[in-house]
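Source file: model25.tsv. Holds: TSV, C-alpha atoms.
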chain	number	residue	atom	x	y	z
A	1	MET	CA	104.82	82.31	116.81
A	2	VAL	CA	103.32	79.33	118.65
A	3	ARG	CA	100.32	77.08	118.11
A	4	LYS	CA	98.35	75.26	120.80
A	5	ARG	CA	95.29	73.03	120.64
A	6	VAL	CA	92.97	72.88	123.64
A	7	ILE	CA	90.11	70.57	124.54
A	8	VAL	CA	87.81	72.13	127.13
A	9	SER	CA	85.49	69.90	129.17
A	10	GLY	CA	82.56	70.74	131.41
A	11	THR	CA	79.45	72.80	130.75
A	12	VAL	CA	80.91	74.54	127.73
A	13	GLN	CA	78.26	74.15	125.04
A	14	GLY	CA	75.17	76.35	124.97
A	15	VAL	CA	76.89	79.05	127.06
A	16	PHE	CA	78.33	81.20	124.24
A	17	PHE	CA	81.77	79.66	124.70
A	18	ARG	CA	82.63	79.66	120.99
A	19	ASP	CA	81.53	83.20	120.23
A	20	THR	CA	83.17	84.58	123.37
A	21	CYS	CA	86.34	82.66	122.51
A	22	ARG	CA	86.33	84.21	119.03
A	23	ARG	CA	85.97	87.72	120.45
A	24	GLU	CA	88.71	87.14	123.05
A	25	ALA	CA	91.06	85.72	120.42
A	26	LEU	CA	90.54	88.69	118.12
A	27	ALA	CA	91.13	91.09	121.02
A	28	HIS	CA	94.45	89.33	121.75
A	29	GLY	CA	95.50	89.17	118.09
A	30	VAL	CA	95.32	85.37	118.08
A	31	SER	CA	94.27	83.47	114.97
A	32	GLY	CA	92.76	79.98	114.78
A	33	TRP	CA	89.39	78.38	115.27
A	34	VAL	CA	86.96	76.90	117.81
A	35	ARG	CA	84.25	74.24	117.49
A	36	ASN	CA	81.91	72.06	119.53
A	37	LEU	CA	82.66	68.36	119.72
A	38	PRO	CA	79.89	65.74	119.77
A	39	GLY	CA	80.61	64.59	123.33
A	40	GLY	CA	79.98	68.04	124.82
A	41	ASP	CA	83.56	69.34	124.80
A	42	VAL	CA	84.92	72.34	122.89
A	43	GLU	CA	88.11	72.19	120.81
A	44	ALA	CA	90.13	75.25	119.83
A	45	VAL	CA	93.41	76.05	118.08
A	46	PHE	CA	95.24	79.22	119.10
A	47	GLU	CA	98.07	80.56	116.97
A	48	GLY	CA	100.10	83.72	117.49
A	49	ALA	CA	102.61	85.39	119.77
A	50	GLU	CA	103.53	83.25	122.77
A	51	ASP	CA	102.10	85.66	125.36
A	52	ALA	CA	98.84	86.11	123.44
A	53	VAL	CA	98.35	82.35	123.04
A	54	ALA	CA	99.13	81.88	126.75
A	55	ALA	CA	96.42	84.46	127.55
A	56	MET	CA	93.90	82.48	125.49
A	57	VAL	CA	94.83	79.22	127.24
A	58	ARG	CA	94.30	80.99	130.59
A	59	TRP	CA	90.95	82.31	129.36
A	60	ALA	CA	89.89	78.79	128.29
A	61	ARG	CA	90.36	77.60	131.88
A	62	THR	CA	87.34	79.69	132.93
A	63	GLY	CA	85.56	80.62	129.68
A	64	PRO	CA	82.52	82.91	129.64
A	65	ALA	CA	80.51	83.60	132.80
A	66	ALA	CA	77.91	80.85	132.18
A	67	ALA	CA	80.51	78.13	131.54
A	68	GLU	CA	81.63	75.59	134.13
A	69	VAL	CA	85.03	74.42	132.95
A	70	ARG	CA	86.12	71.15	134.58
A	71	ALA	CA	89.28	70.42	132.61
A	72	VAL	CA	91.45	71.85	129.86
A	73	GLU	CA	93.83	69.64	127.92
A	74	VAL	CA	96.56	71.68	126.21
A	75	ARG	CA	98.64	70.26	123.38
A	76	GLU	CA	101.66	72.09	122.07
A	77	GLU	CA	101.56	71.69	118.30
A	78	THR	CA	105.00	71.15	116.85
A	79	GLY	CA	106.14	72.25	113.44
A	80	THR	CA	105.46	75.51	111.70
A	81	PRO	CA	102.30	77.42	112.61
A	82	GLN	CA	99.84	77.47	109.72
A	83	ASP	CA	99.53	81.28	109.72
A	84	LEU	CA	95.75	81.05	109.88
A	85	PRO	CA	93.83	84.16	108.84
A	86	GLY	CA	91.62	85.54	111.62
A	87	PHE	CA	89.66	83.42	114.07
A	88	GLU	CA	86.59	81.43	113.12
A	89	VAL	CA	83.85	79.37	114.69
A	90	ARG	CA	83.80	76.04	112.89
A	91	PRO	CA	80.98	73.50	112.71
A	92	THR	CA	81.04	70.23	114.62
A	93	PRO	CA	83.10	67.69	112.64
A	94	ARG	CA	80.82	65.79	110.24
A	95	ASP	CA	82.52	62.45	110.70
A	96	ALA	CA	81.83	62.65	114.42
A	97	ILE	CA	78.08	63.27	114.24

Final C-alpha cells representation of the file:
Amino acid sequence: MVRKRVIVSGTVQGVFFRDTCRREALAHGVSGWVRNLPGGDVEAVFEGAEDAVAAMVRWARTGPAAAEVRAVEVREETGTPQDLPGFEVRPTPRDAI
C-alpha cells in the first residue's frame, strides 16, 4: 500500500477534472480525495496498491479531455497510509479562500 499526493497545474478547473479523477480512482481501486485549490491548481491524494496509484499519477499527467495539464508535482507520502474509505471530491480549503 502506497500513498501519493499530487498537485496538478494548468487548465484543470472547470473541465470536470475532479469528477473524472474520482471515477478513474474508483475504477482502479484507489482511495483518497481530490479538491480544487484557490490558485487554479487541483490537489489529490491517491492511496492503494503501488501499480494502481502509479496508474492514477499517469492519468493526472493528462486528466480529462478538456484539461490542459502543464505540470504535476508528485510527493511520496511517508508513514502508514491512512486506509481512506472510497474516493471523494472535497471542497476548496476554507482557510485558503

Notebook entry, point to check: Please, which residues are within 9 Å of (79.0, 74.3, 126.0) by the file's coordinates, counting only C-alpha atoms, and could they come as a count of residues only?
Noted result: 16

Notebook entry, point to check: Counting all atoms listed in the file, what is within 12 Å of A:Ser31, bar same-chain residues fewer than 2 positions away, as a ChimeraX atom specification?
Noted result: /A:1-5,21-29,33-34,44-49,52-53,56,81-89

Hey, can you spit out that residue selection with C-alpha atoms as a compact mmCIF listing (two decimals), keeping the file's coordinate frame?
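The file below, part.txt, is the result:
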# COMPACT_ATOMS: atom_id res chain seq x y z
CA MET A 1 104.82 82.31 116.81
CA VAL A 2 103.32 79.33 118.65
CA ARG A 3 100.32 77.08 118.11
CA LYS A 4 98.35 75.26 120.80
CA ARG A 5 95.29 73.03 120.64
CA CYS A 21 86.34 82.66 122.51
CA ARG A 22 86.33 84.21 119.03
CA ARG A 23 85.97 87.72 120.45
CA GLU A 24 88.71 87.14 123.05
CA ALA A 25 91.06 85.72 120.42
CA LEU A 26 90.54 88.69 118.12
CA ALA A 27 91.13 91.09 121.02
CA HIS A 28 94.45 89.33 121.75
CA GLY A 29 95.50 89.17 118.09
CA TRP A 33 89.39 78.38 115.27
CA VAL A 34 86.96 76.90 117.81
CA ALA A 44 90.13 75.25 119.83
CA VAL A 45 93.41 76.05 118.08
CA PHE A 46 95.24 79.22 119.10
CA GLU A 47 98.07 80.56 116.97
CA GLY A 48 100.10 83.72 117.49
CA ALA A 49 102.61 85.39 119.77
CA ALA A 52 98.84 86.11 123.44
CA VAL A 53 98.35 82.35 123.04
CA MET A 56 93.90 82.48 125.49
CA PRO A 81 102.30 77.42 112.61
CA GLN A 82 99.84 77.47 109.72
CA ASP A 83 99.53 81.28 109.72
CA LEU A 84 95.75 81.05 109.88
CA PRO A 85 93.83 84.16 108.84
CA GLY A 86 91.62 85.54 111.62
CA PHE A 87 89.66 83.42 114.07
CA GLU A 88 86.59 81.43 113.12
CA VAL A 89 83.85 79.37 114.69

Notebook entry, point to check: Please, what distance in Å, to one decimal, runs between atom CA of A:Thr78 and atom CA of A:Arg90?
Noted result: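 If I compute the distance from atom CA of A:Thr78 to atom CA of A:Arg90, I get 22.1 Å.
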
Check: Suppose you want the space between atom CA of A:Leu37 and atom CA of A:Ile7; what is it in Å?
Finding: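 Distance between the two atoms: 9.1 Å.
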
Check: atom CA of A:Gly63 to atom CA of A:Pro93: how many Å, to one decimal?
Finding: 21.5 Å

Note to self: Ranking A:Pro91, A:Gly79, A:Val8, A:Arg35 by minimum distance to A:Val57 and counting only C-alpha atoms, which one comes first?
What the structure shows: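 Using only C-alpha atoms, the shortest distance to A:Val57 belongs to A:Val8.
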
Checklist line | Given only C-alpha atoms as the counted atoms, nearest of A:Val6, A:Arg94, A:Gly39, A:Gly32 to A:Val72 | finding: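 Result for the nearest residue to A:Val72: A:Val6.
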
Kindly list the centre and edge lengths in Å, rounded to one decimal, for the axis-aligned box that covers all listed atoms of stretch 65-71 of chain A plus 4 Å on each of its six sides, as JSON.
{"center_x": 83.6, "center_y": 77.0, "center_z": 133.1, "size_x": 19.4, "size_y": 21.2, "size_z": 11.0}
